[in-house]
Every structure is written in structure tokens, then in C-alpha cells.
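Trainee: Here it is, the structure in full.
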Amino acid sequence: MDFIIEATIKAVKDLYGISIDTTVINLQETRKEFEGQVTLVTFPLIKYSKQSPEQTGNEIGAFLSNTLPQIEGFNVVKGFLNLSLTDSFWKSKLFSEILDENFAIFKPNGKKVMVEYSSPNTNKPLHLGHVRNNLLGFSVAEILTAAGFEVVKTNLVNDRGIHICKSMLAWKKFGNGETPTSSGLKGDHLVGKYYVLFDKEYKKQIEELKAIGQTEDEAKKNAQLILEAQAMLQKWEAGDEEVIALWKTMNTWVYEGFAETYKAMGVSFDKFYYESNTYLLGKDIIEEGLRKGVFFRKEDSSVWIDLTDEGLDQKLLLRSDGTSVYITQDLGTAQLKYNDFHMDKSIYVVGNEQDYHFKVLFTILEKLGKQGADGLLHLSYGMVDLPSGKMKSREGTVVDADDLMNEMEQTAKTHTENLGKINGFSEEEKLELYHTIGMGALKYFLLKVDPKKRLLFNPNESVDFQGHTGPFIQYTHARIRSVLNRVDTMLADTIYNEKLDIEERDLIVALSNYPTIIQTSAEGYSPAVIANYVYDLAKIYNKFYHEKSILQAENEQIKQFRLQLTNASGKVIKHAMSLLGIEVPERM
RNA sequence: GCACUUGUAGCUCAAUUGGAUAGAGCACCUGACUACGGAUCAGGAGGUUAGGGGUUCGACUCCCUUCAAGUGCACCA
């Protein structure tokens, strides 16, 4: 709508003799209850016009409809100037933009962005919280790619530390050599089972110690199991062959399990980083910071940074014994990633519980003057809560990712069978469809919510398949395909003499917004923008579909025109859904 | 206690980033042509945008304040 903005600037110049900036021009889509498709808000302009908002609207409206052939009429309601664009404008919008094969395809912008997401621990299987993280990360990567960025998806695997040793130790003590093969358990679930078992046995020991007079804190420190786990960690760090071998074995099980889950979720990565390789990094950055005077050393020789000027605290960066803390290795890893890829932006998809950590991390990197520091972003998302509150693995209230996905497929199966519309599907096709629909429902459910907001998931009320849902949009696509599959000749006519019906025009307007929507969602790193758009689009298409006959249209020209509209809608729906990582079926 | 985030219909979410009479879905009620797929469409009911104050032509949006919920404040990761 740039031409309207330009013309408005000219209008203000010609009418009132003042040059204005584009920023004071506020264009928006006209509300349904009024005539017109584009609305100019006149309030910001009245200080130049020195007229009432109505008067200003009328004067600019008259100017615009006189100078712009695309505008056929206008009306002013309060301070809002509603512009009606001609049919031929909207038709050419459809024929020359929307139906063009390059529609909504952005040229590469030459910028590289890294999206780090997933980043699991290798001591237990993934749960619903991870699912949100993975879907968000993947979708944001798709959206940025569509917006013209070169995207590198990375996964920083937390594969070492005391928690890993806990499952290792429990397996060694109580496992009797159990393996995924021998037990039939998925690798990550098997390892997770021993993590839980460790906790159970550990608690028992704590109780025993308390019974003989130790305090809670003492008991936690002195319990045999935790001492053994700590000893195991030390052995791991010392490179003890036996411990390393066990670690490798169990991690391999976990990776095999994760690979399955990732595949089911439909996410992927370009580069894996492992903390077992990066946990010692960062010490040279400590030296650098000390040299530059950004960090300081206390008498006990621990190293700190003072961030009180930034409204943060003093932060420990290196212990008095010279060993690193968490943020030390994050500093090192940030440097490593930059050295590897030289990206312009680096996005960390991590829950909002780490807001403070990332504020500190980014501030430090900035203070050090690190390259790429200005492109760092914490994509902070809200926790997934159950009606009972937070998920707690130790209390068994986690929603397991694999279980959840299976349930979704089962529900999809039940719905589909009840409707009985898939005659002729092979068993394989059926399974694929159930997966597509079940995951569509789940992904849409999680992605339609603004990332920064917390999300409530009620396992007892299954995710809907009707209304504002993934399957609703998938269904719209399937119906579009069904119509298109019934015609054997589709002409690419670009001449259309009939008057546009409201439903047709509304659809063109919605379709034409798509590139802007991609832009907006990329700028805000928000798949929810796409999700809400594609739902609106599907609704508008369904309205059109219901009101207008396509195959039985009044004449062949109208039929062909509506087929093209249908075709364009199907393509945009499919593309937008793909940005959410959701597939759309041909039939369902 | 301090810091950050959030609070919109009974429930789950929107609101073009300060614009019109705050919109959808679910649930509830009513209706839909012998037509291209009814996982659809149309209509009804449902709101003091947590409360109060302020800025503005205009506030769900910005500022102050009270309340409520969540998260973070380790020589843990």
C-alpha cells in the first residue's frame, strides 16, 4: 500500500504545504462494519491540516480519489478515512502478485542467524515443556528462512554433569545390565527410569540418616549415593575409562531415543554442540576480561563482574579454586559459535526462568566488546503449566512428549474413523494421516499462543480438532484440494470482467497481506502471528466456499476465476502451515 | 524482601504495537440450500480488559499505585 502512503504525503504537501514523514501515516485494514478496504487514521494529521479530523479526512479523501485511479470512493467516520479500492486493483493484485510464483518469497538478505533450541539433558526423556521449545525453535527458524535469512539451527546438548552420573550410577547398581533391546524400552526412557530410581533410593538414604539424628542438609550431603555420584563425576572428568565407556553407552541410548522423538516432532538441526566438549571453555575469556579491566579478582582469587550499574548484581565468573561456573562455559560457547559461523544474530530459545542469566551473559559479552554481541537475543518463552501447576518430573506430573504425541495420533484416528471419509487409503497412508492430523492439532495448539506467555495444558481435556485449531486449517486445505482435483482444465486467465463479490474481494485482501505477515512474525520472532493469520485466512476461505459455488459457477469465466482464488488460497495455507512445521493433507 | 514477567467472556486465546462499538474458538442456545467435503457456515447469549489514579483528541496497550499468579535472586547447572 506504499502508493497510498506516497499519495497521502503529497496530499498533505499540496493541501497544507507541509512535508511529513511516513511515520505519521497510519494505514490499517478497514473494519468489517464500514465501507472500504483501507483506512487512514487522520488524527495524527490534524496538527498539519489545522482542521477537524472529519474535515481533514474529507479533504485528503477527495485528493486521493482524484489523483489515484485505484481509489473509487471514500467515506469518513469520525476521524477515520475509509478508502474503497477498485475491483481492477484487487484483480491485478491477485493476477500479478498473489498468483506469481515468487509471491511471498523473500530474496536472501545476506544476513546469517543462528537459532539454538531444544538443548536437552541426556538423563531423561523429553516432556511437554521441551515440545514447546522444539516447535518454537523450529518454527522461528523456518520463518526467518522465509524472511530471507540464512539460518543455522543448533542444539547444545547437556550431556555431562552430576545429573547424568545419577542415572549412570543407578543403572550400574540396580540395572542388571538392562538395555533398550533387552527391555524393549526406548533409550531415553530407559535412562530416565534410572534417573528416577536414583532419586527414590537417595531419598530413602536421606530418611535413614535423618532417623539417626542428622539434619536434612547433612543427610543430603552425606548420603552414600550422592557421594558415589560425585565420585563418578570426578572420575568422568579425569577420563576414567570405565566411567567414560558407560557414559558413552548410555548417552548413545538416549540419542537414539531423542532421534525418534525429533523425527516425530519433525524438527532438525544443522549443528550439534555437546557440553562435554565445551564445559572447559571460557577460561581464556576470563583472562581477557581481567586484562581489559571488565572483570575483577577478589582476595580469595575468585573472579567477578560488577553489573550494578546495569541494575544487575555482582556475578561470579570463576570460583576461588579456579574452576568454572555455568556462565563461564556459556561465554566460551558463545565465542565458539561465533568463530564457527560469524552470524549476525544469535537466538537462544530458552524458557523465561533463565531471563536473568541471559541478561547477564549478553551484558558481559557486550562489555567485552565481542563481535556479534549486538545480535544476541534470548527468545524467552513461558512455562507450560498443568491445571495442577508446574510439571515436576520427580512427582510424576510430567506430560511425556512421546506419550503425548501417541495420544494425539490416537485421537486423530478416532475422529477420522468416525467421519469415515478416507475410503481407499492404505494402512500406511492412514497412519501417516493420523500423524499429520494429530501433530497438526498439537503443534497449532502450542504455537498459536504468544511465545512469551505461559501456556496452560489440560491433559484431561484433549486438544480440540474443531474451531480455532490445526485440523480446521488442514481440513480447509483438504477441501480446496478436493475441489481442484475435480477439474481437469485450469486456465490461467488474467482477464476477468465480472464484478467482484464481497467474499472474493475479502479473500484477495487477506491473501495479499501474507508477505507482511511473514515480515511481522519474523521481526517479532513469533509463530503465533502466522498461526493466527492462517486461521483467519482459512475462515475467510470457508466463508467464500460456503457462499459461492465454484464448480457450478454462473459461467466458465467466473468458475475459472474462483478456481484461481481457490488455488492461491490452498498454496498460501500450505506455505504458512509449513512455517509452523505443520503438514497439510490432500484428504482427511 | 528485591528484580523480572503475566493478568482480557465460564474456559483457551486475539486485538495491525496508542486508533473506530475489545474480536475468535470451546462449552451453551437457535438455524443452514436435494450444490463443489457438515472436522463447515450463519445467528444468539456471554466484558467495569484484576482494582484505583494519571498522560492523551483517543488507553487492553504508556506512567504511578494496590492486588493476584508465575519465575529468578548458589563459589548448582
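So you can find residues: chains in the C-alpha cells are A, B, ... in the order shown, residues in each start at 1, and ligands are numbered from 1 in order.
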Report as a tab-separated table: every residue of chain A with an atom at most 6 Å from chain B, its closest pair of atoms, and their distance in Å to one decimal, counting only C-alpha atoms (C1' of nucleotides), with rows sorted by chain and ascending residue number.
Mentor:
residue	atom	partner	partner_atom	distance
A:Arg319	CA	B:C75	C1'	4.8
A:Glu353	CA	B:U71	C1'	5.3
A:Gln466	CA	B:A39	C1'	5.8
A:Gly467	CA	B:G25	C1'	5.1
A:His468	CA	B:G25	C1'	4.8
A:Arg479	CA	B:G37	C1'	5.9
A:Val483	CA	B:C36	C1'	6.0
A:Leu551	CA	B:C36	C1'	5.4
Trainee: Just the selected residues (all heavy atoms), exported as a PDB file, in the first residue's frame, please.
Mentor:
ATOM      1  N   ARG A 319      35.399 -19.671  40.155  1.00  0.00           N
ATOM      2  CA  ARG A 319      35.461 -19.952  41.593  1.00  0.00           C
ATOM      3  C   ARG A 319      36.855 -19.679  42.129  1.00  0.00           C
ATOM      4  O   ARG A 319      37.827 -19.576  41.374  1.00  0.00           O
ATOM      5  CB  ARG A 319      35.111 -21.420  41.862  1.00  0.00           C
ATOM      6  CG  ARG A 319      33.686 -21.783  41.532  1.00  0.00           C
ATOM      7  CD  ARG A 319      33.368 -23.149  42.127  1.00  0.00           C
ATOM      8  NE  ARG A 319      32.075 -23.621  41.680  1.00  0.00           N
ATOM      9  CZ  ARG A 319      31.911 -24.503  40.680  1.00  0.00           C
ATOM     10  NH1 ARG A 319      32.966 -24.997  40.038  1.00  0.00           N
ATOM     11  NH2 ARG A 319      30.712 -24.878  40.337  1.00  0.00           N
ATOM     12  N   GLU A 353      12.603 -18.812  32.746  1.00  0.00           N
ATOM     13  CA  GLU A 353      13.243 -18.946  34.056  1.00  0.00           C
ATOM     14  C   GLU A 353      14.712 -18.533  33.985  1.00  0.00           C
ATOM     15  O   GLU A 353      15.360 -18.288  34.997  1.00  0.00           O
ATOM     16  CB  GLU A 353      13.130 -20.398  34.537  1.00  0.00           C
ATOM     17  CG  GLU A 353      13.687 -21.379  33.543  1.00  0.00           C
ATOM     18  CD  GLU A 353      13.138 -22.794  33.705  1.00  0.00           C
ATOM     19  OE1 GLU A 353      12.540 -23.067  34.752  1.00  0.00           O
ATOM     20  OE2 GLU A 353      13.326 -23.593  32.773  1.00  0.00           O
ATOM     21  N   GLN A 466     -11.728 -28.973  16.376  1.00  0.00           N
ATOM     22  CA  GLN A 466     -12.694 -28.118  15.698  1.00  0.00           C
ATOM     23  C   GLN A 466     -12.513 -26.680  16.153  1.00  0.00           C
ATOM     24  O   GLN A 466     -12.061 -26.426  17.257  1.00  0.00           O
ATOM     25  CB  GLN A 466     -14.118 -28.572  16.023  1.00  0.00           C
ATOM     26  CG  GLN A 466     -14.552 -29.708  15.128  1.00  0.00           C
ATOM     27  CD  GLN A 466     -15.622 -30.578  15.737  1.00  0.00           C
ATOM     28  OE1 GLN A 466     -16.146 -30.280  16.789  1.00  0.00           O
ATOM     29  NE2 GLN A 466     -15.905 -31.671  15.065  1.00  0.00           N
ATOM     30  N   GLY A 467     -12.899 -25.770  15.274  1.00  0.00           N
ATOM     31  CA  GLY A 467     -12.770 -24.366  15.641  1.00  0.00           C
ATOM     32  C   GLY A 467     -11.372 -23.840  15.371  1.00  0.00           C
ATOM     33  O   GLY A 467     -10.788 -24.143  14.325  1.00  0.00           O
ATOM     34  N   HIS A 468     -10.847 -23.082  16.295  1.00  0.00           N
ATOM     35  CA  HIS A 468      -9.539 -22.450  16.112  1.00  0.00           C
ATOM     36  C   HIS A 468      -8.406 -23.460  16.341  1.00  0.00           C
ATOM     37  O   HIS A 468      -7.712 -23.422  17.347  1.00  0.00           O
ATOM     38  CB  HIS A 468      -9.426 -21.265  17.085  1.00  0.00           C
ATOM     39  CG  HIS A 468      -8.237 -20.392  16.825  1.00  0.00           C
ATOM     40  ND1 HIS A 468      -7.979 -19.275  17.558  1.00  0.00           N
ATOM     41  CD2 HIS A 468      -7.243 -20.479  15.918  1.00  0.00           C
ATOM     42  CE1 HIS A 468      -6.872 -18.704  17.110  1.00  0.00           C
ATOM     43  NE2 HIS A 468      -6.402 -19.433  16.118  1.00  0.00           N
ATOM     44  N   ARG A 479     -10.177 -29.668   1.586  1.00  0.00           N
ATOM     45  CA  ARG A 479     -11.361 -29.383   0.794  1.00  0.00           C
ATOM     46  C   ARG A 479     -10.982 -28.614  -0.465  1.00  0.00           C
ATOM     47  O   ARG A 479     -11.535 -28.851  -1.544  1.00  0.00           O
ATOM     48  CB  ARG A 479     -12.353 -28.571   1.634  1.00  0.00           C
ATOM     49  CG  ARG A 479     -13.763 -28.847   1.259  1.00  0.00           C
ATOM     50  CD  ARG A 479     -14.734 -28.448   2.326  1.00  0.00           C
ATOM     51  NE  ARG A 479     -14.568 -27.074   2.769  1.00  0.00           N
ATOM     52  CZ  ARG A 479     -15.459 -26.443   3.527  1.00  0.00           C
ATOM     53  NH1 ARG A 479     -16.553 -27.081   3.929  1.00  0.00           N
ATOM     54  NH2 ARG A 479     -15.259 -25.214   3.904  1.00  0.00           N
ATOM     55  N   VAL A 483     -11.626 -29.840  -4.384  1.00  0.00           N
ATOM     56  CA  VAL A 483     -12.234 -29.081  -5.476  1.00  0.00           C
ATOM     57  C   VAL A 483     -11.306 -29.061  -6.682  1.00  0.00           C
ATOM     58  O   VAL A 483     -11.719 -29.351  -7.813  1.00  0.00           O
ATOM     59  CB  VAL A 483     -12.530 -27.627  -5.038  1.00  0.00           C
ATOM     60  CG1 VAL A 483     -12.977 -26.794  -6.220  1.00  0.00           C
ATOM     61  CG2 VAL A 483     -13.578 -27.613  -3.949  1.00  0.00           C
ATOM     62  N   LEU A 551     -17.523 -24.851  -8.818  1.00  0.00           N
ATOM     63  CA  LEU A 551     -17.642 -25.704  -9.999  1.00  0.00           C
ATOM     64  C   LEU A 551     -18.969 -25.477 -10.722  1.00  0.00           C
ATOM     65  O   LEU A 551     -19.070 -25.719 -11.925  1.00  0.00           O
ATOM     66  CB  LEU A 551     -17.502 -27.174  -9.600  1.00  0.00           C
ATOM     67  CG  LEU A 551     -16.156 -27.514  -8.946  1.00  0.00           C
ATOM     68  CD1 LEU A 551     -16.096 -28.975  -8.541  1.00  0.00           C
ATOM     69  CD2 LEU A 551     -14.996 -27.194  -9.883  1.00  0.00           C
TER      70      LEU A 551
END
Trainee: Tell me, as a compact mmCIF listing (two decimals) with C-alpha atoms, in the first residue's frame, which residues lie within 8 Å of region 273-285 of chain A, counting only C-alpha atoms (C1' of nucleotides); anything in the same chain fewer than 4 positions away does not count.
Mentor:
# COMPACT_ATOMS: atom_id res chain seq x y z
CA THR A 154 21.91 -25.65 16.55
CA ASN A 155 21.36 -27.88 19.52
CA LEU A 156 23.57 -27.60 22.58
CA VAL A 157 23.29 -30.95 24.29
CA ASN A 158 23.77 -31.06 28.02
CA ASP A 159 25.42 -34.45 28.13
CA ARG A 160 27.55 -34.28 31.26
CA GLY A 289 38.13 -9.69 30.81
CA SER A 324 34.34 -22.58 36.03
CA THR A 328 31.88 -19.30 32.21
CA GLN A 329 31.21 -22.05 29.72
CA ASP A 330 28.34 -20.11 28.18
CA LEU A 331 30.75 -17.28 27.50
CA GLY A 332 33.11 -19.73 25.88
CA THR A 333 30.39 -21.41 23.90
Trainee: With a distance cut-off of 7 Å and only C-alpha atoms (C1' of nucleotides), select the neighbouring residues of region 219-231 of chain A, excluding the residue or stretch itself and same-chain residues fewer than 5 positions from it, and output the selection as JSON, numbers by chain.
Mentor: {"A": [162, 165, 166, 169, 202, 205, 206, 209, 210, 214]}
Trainee: Would you kindly return, as a PDB file with N, CA, C and O atoms (P, O5', C5', C4', C3', O3' and C1' of nucleotides), in the first residue's frame, each protein, DNA or RNA residue with an atom no farther than 9 Å from any atom of C62 (chain B), considering only C-alpha atoms (C1' of nucleotides) and excluding same-chain residues fewer than 2 positions away?
Mentor:
ATOM      1  P     G B  18       2.351   1.253  20.997  1.00  0.00           P
ATOM      2  O5'   G B  18       0.997   1.980  21.367  1.00  0.00           O
ATOM      3  C5'   G B  18      -0.207   1.221  21.518  1.00  0.00           C
ATOM      4  C4'   G B  18      -1.366   2.043  21.007  1.00  0.00           C
ATOM      5  C3'   G B  18      -1.200   2.602  19.603  1.00  0.00           C
ATOM      6  O3'   G B  18      -2.451   2.705  18.948  1.00  0.00           O
ATOM      7  C1'   G B  18      -1.581   4.350  21.062  1.00  0.00           C
ATOM      8  P     U B  55      -4.012  13.907  33.736  1.00  0.00           P
ATOM      9  O5'   U B  55      -2.977  13.405  32.639  1.00  0.00           O
ATOM     10  C5'   U B  55      -1.617  13.811  32.697  1.00  0.00           C
ATOM     11  C4'   U B  55      -0.830  13.207  31.555  1.00  0.00           C
ATOM     12  C3'   U B  55      -1.444  13.408  30.173  1.00  0.00           C
ATOM     13  O3'   U B  55      -1.129  14.692  29.638  1.00  0.00           O
ATOM     14  C1'   U B  55      -0.821  11.153  30.425  1.00  0.00           C
ATOM     15  P     A B  59      -8.845   6.819  26.055  1.00  0.00           P
ATOM     16  O5'   A B  59      -7.754   5.848  25.405  1.00  0.00           O
ATOM     17  C5'   A B  59      -8.135   4.677  24.650  1.00  0.00           C
ATOM     18  C4'   A B  59      -7.441   3.462  25.219  1.00  0.00           C
ATOM     19  C3'   A B  59      -7.813   3.127  26.655  1.00  0.00           C
ATOM     20  O3'   A B  59      -7.720   1.717  26.828  1.00  0.00           O
ATOM     21  C1'   A B  59      -5.525   3.587  26.556  1.00  0.00           C
TER      22        A B  59
END
Trainee: Nearest to C11 (chain B) among A:Val529, A:Ile508, A:Leu456, A:Ile327, with distances taken over only C-alpha atoms (C1' of nucleotides): which residue is it?
Mentor: A:Leu456
Trainee: Report the distance between CA of Phe74 (chain A) and CA of Ala568 (chain A) in Å, rounded to one decimal place.
Mentor: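 Going from CA of Phe74 (chain A) over to CA of Ala568 (chain A), I get 28.7 Å.
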Trainee: I need the residues in region 39-111 of chain A that are helix (DSSP H, G or I) according to DSSP; give them as a PyMOL selection string.
Mentor: chain A and resi 43-49+53-67+87-98
Trainee: Skip region 40-43 of chain A itself and residues of its chain fewer than 2 positions away, then list as a ChimeraX atom specification all residues within 12 Å of it, counting only C-alpha atoms (C1' of nucleotides).
Mentor: /A:1,4-5,7-9,12,24-31,36-38,45-61,64,74-84 /B:18-20,56-58
Trainee: When you count only C-alpha atoms, which of these residues is closest to Leu379 (chain A): A:Lys453, A:Lys421, A:His435, A:Arg505?
Mentor: A:Lys453
Trainee: List as a list in words the protein and nucleic acid residues near Gln354 (chain A), meaning an atom at most 10 Å away when only C-alpha atoms (C1' of nucleotides) are counted, but skip any in the same chain fewer than 2 places from it.
Mentor: Val350, Gly351, Asn352, Tyr356, His357, Phe358, Lys359, His378, Ser380 and Tyr381 of chain A; U71 and G72 of chain B
Trainee: Could you state the separation of CA of Pro459 (chain A) and CA of Thr414 (chain A) in Å, given to one decimal place?
Mentor: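 We find that CA of Pro459 (chain A) and CA of Thr414 (chain A) lie 17.2 Å from each other.
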Trainee: Neighbouring residues of Val254 (chain A) were defined as those with any atom within 9 Å, considering only C-alpha atoms (C1' of nucleotides); residues of the same chain fewer than 6 positions away were excluded. Please report them as a VMD selection string.
Mentor: chain A and resid 122 to 125 186 to 192
Trainee: In Å, with one decimal, what is the gap from CA of Val131 (chain A) to CA of Phe465 (chain A)?
Mentor: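 Computing the Euclidean distance for CA of Val131 (chain A) and CA of Phe465 (chain A) yields 19.1 Å.
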Trainee: Which residue out of A:Ala170, A:Val398, A:Leu126, A:Ile517 has the minimum interatomic distance to Glu201 (chain A) when only C-alpha atoms are used?
Mentor: A:Ala170
Trainee: Would you please give, as a list in words, all residues of region 101-176 of chain A that DSSP assigns to strand (DSSP E or B) based on the backbone?
Mentor: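 Here is the list: Lys112, Val113, Met114, Val115, Glu116, Asn121, His127, Glu150, Val151, Val152, Lys153, Thr154, Asn155, Leu156, Val157 and Asn158 of chain A.
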